[in-house]
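Contents: one structure, followed by commentary.
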Amino acid sequence: MIGRGNLSKEISALLDISVHTVNTYRQQIPEKLKADNSIEALNSAEMIGLIAGK
């Protein structure tokens, strides 16, 4: 959803979770993938097969 450009508010509504939870996960994803930013994290996730490429 992040890769598709969804906002935290949209993701929270789609998954029925709080915006705070989405924002927390958005901060933790790059940390866990040892990436400097969200774009690098998305690229890393694609390379290791966590998400499907475009």
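How things are named: the first chain in the structure tokens is A, the next is B, and so on; residues count from 1 in each chain; ligands count from 1 in the order shown.
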Next on the checklist: Give me, as an NGL selection string, all polymer residues having an atom no more than 12 Å from Arg26 in chain A, counting only C-alpha atoms and skipping those fewer than 6 positions away in the same chain.
Outcome noted: :A and (1-3 or 6-8 or 11-12 or 19-20 or 32-33 or 37-39 or 41-42)
Given the selection you just returned, output its residues as a file containing C-alpha atoms, formatted as a PDB file, in the first residue's frame.
ATOM      1  CA  MET A   1       0.000   0.000   0.000  1.00  0.00           C
ATOM      2  CA  ILE A   2       2.881   2.331   0.711  1.00  0.00           C
ATOM      3  CA  GLY A   3       4.367   1.521  -2.676  1.00  0.00           C
ATOM      4  CA  ASN A   6      -1.599   5.266  -0.151  1.00  0.00           C
ATOM      5  CA  LEU A   7      -1.628   7.744   2.713  1.00  0.00           C
ATOM      6  CA  SER A   8      -1.505   6.527   6.310  1.00  0.00           C
ATOM      7  CA  ILE A  11      -4.171   2.453   4.877  1.00  0.00           C
ATOM      8  CA  SER A  12      -5.666   2.645   8.366  1.00  0.00           C
ATOM      9  CA  VAL A  19      -3.436   5.904  11.911  1.00  0.00           C
ATOM     10  CA  HIS A  20      -0.963   5.847  14.812  1.00  0.00           C
ATOM     11  CA  LYS A  32      14.114  -3.320  10.051  1.00  0.00           C
ATOM     12  CA  LEU A  33      15.267  -3.436   6.428  1.00  0.00           C
ATOM     13  CA  ASN A  37      14.236   5.883   3.656  1.00  0.00           C
ATOM     14  CA  SER A  38      10.917   4.409   2.487  1.00  0.00           C
ATOM     15  CA  ILE A  39      11.965   4.142  -1.156  1.00  0.00           C
ATOM     16  CA  ALA A  41      12.945  -0.029   2.044  1.00  0.00           C
ATOM     17  CA  LEU A  42      10.473  -0.766  -0.756  1.00  0.00           C
TER      18      LEU A  42
END
Checklist entry - DSSP on the backbone: what in chain A comes out alpha helix (DSSP H), as a ChimeraX atom specification? => result /A:8-15,19-32,38-47
Store the residues of this selection in a file with C-alpha atoms, as an mmCIF file, in the first residue's frame.
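Result file selection_16.cif:
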data_model
loop_
_atom_site.group_PDB
_atom_site.id
_atom_site.type_symbol
_atom_site.label_atom_id
_atom_site.label_comp_id
_atom_site.auth_asym_id
_atom_site.auth_seq_id
_atom_site.Cartn_x
_atom_site.Cartn_y
_atom_site.Cartn_z
ATOM 1 C CA SER A 8 -1.505 6.527 6.310
ATOM 2 C CA LYS A 9 -5.139 7.593 6.730
ATOM 3 C CA GLU A 10 -6.179 5.466 3.724
ATOM 4 C CA ILE A 11 -4.171 2.453 4.877
ATOM 5 C CA SER A 12 -5.666 2.645 8.366
ATOM 6 C CA ALA A 13 -9.191 2.718 6.937
ATOM 7 C CA LEU A 14 -8.515 -0.210 4.591
ATOM 8 C CA LEU A 15 -6.959 -2.344 7.349
ATOM 9 C CA VAL A 19 -3.436 5.904 11.911
ATOM 10 C CA HIS A 20 -0.963 5.847 14.812
ATOM 11 C CA THR A 21 -0.339 2.130 14.208
ATOM 12 C CA VAL A 22 0.230 2.708 10.489
ATOM 13 C CA ASN A 23 2.646 5.564 11.203
ATOM 14 C CA THR A 24 4.541 3.443 13.719
ATOM 15 C CA TYR A 25 4.917 0.645 11.168
ATOM 16 C CA ARG A 26 5.953 3.128 8.483
ATOM 17 C CA GLN A 27 8.778 4.276 10.763
ATOM 18 C CA GLN A 28 9.853 0.749 11.688
ATOM 19 C CA ILE A 29 9.905 -0.765 8.193
ATOM 20 C CA PRO A 30 13.025 1.104 6.966
ATOM 21 C CA GLU A 31 14.768 0.414 10.282
ATOM 22 C CA LYS A 32 14.114 -3.320 10.051
ATOM 23 C CA SER A 38 10.917 4.409 2.487
ATOM 24 C CA ILE A 39 11.965 4.142 -1.156
ATOM 25 C CA GLU A 40 15.068 2.126 -0.258
ATOM 26 C CA ALA A 41 12.945 -0.029 2.044
ATOM 27 C CA LEU A 42 10.473 -0.766 -0.756
ATOM 28 C CA ASN A 43 13.301 -1.656 -3.127
ATOM 29 C CA SER A 44 14.895 -3.930 -0.517
ATOM 30 C CA ALA A 45 11.580 -5.624 0.221
ATOM 31 C CA GLU A 46 11.095 -6.319 -3.492
ATOM 32 C CA MET A 47 14.630 -7.692 -3.884
#
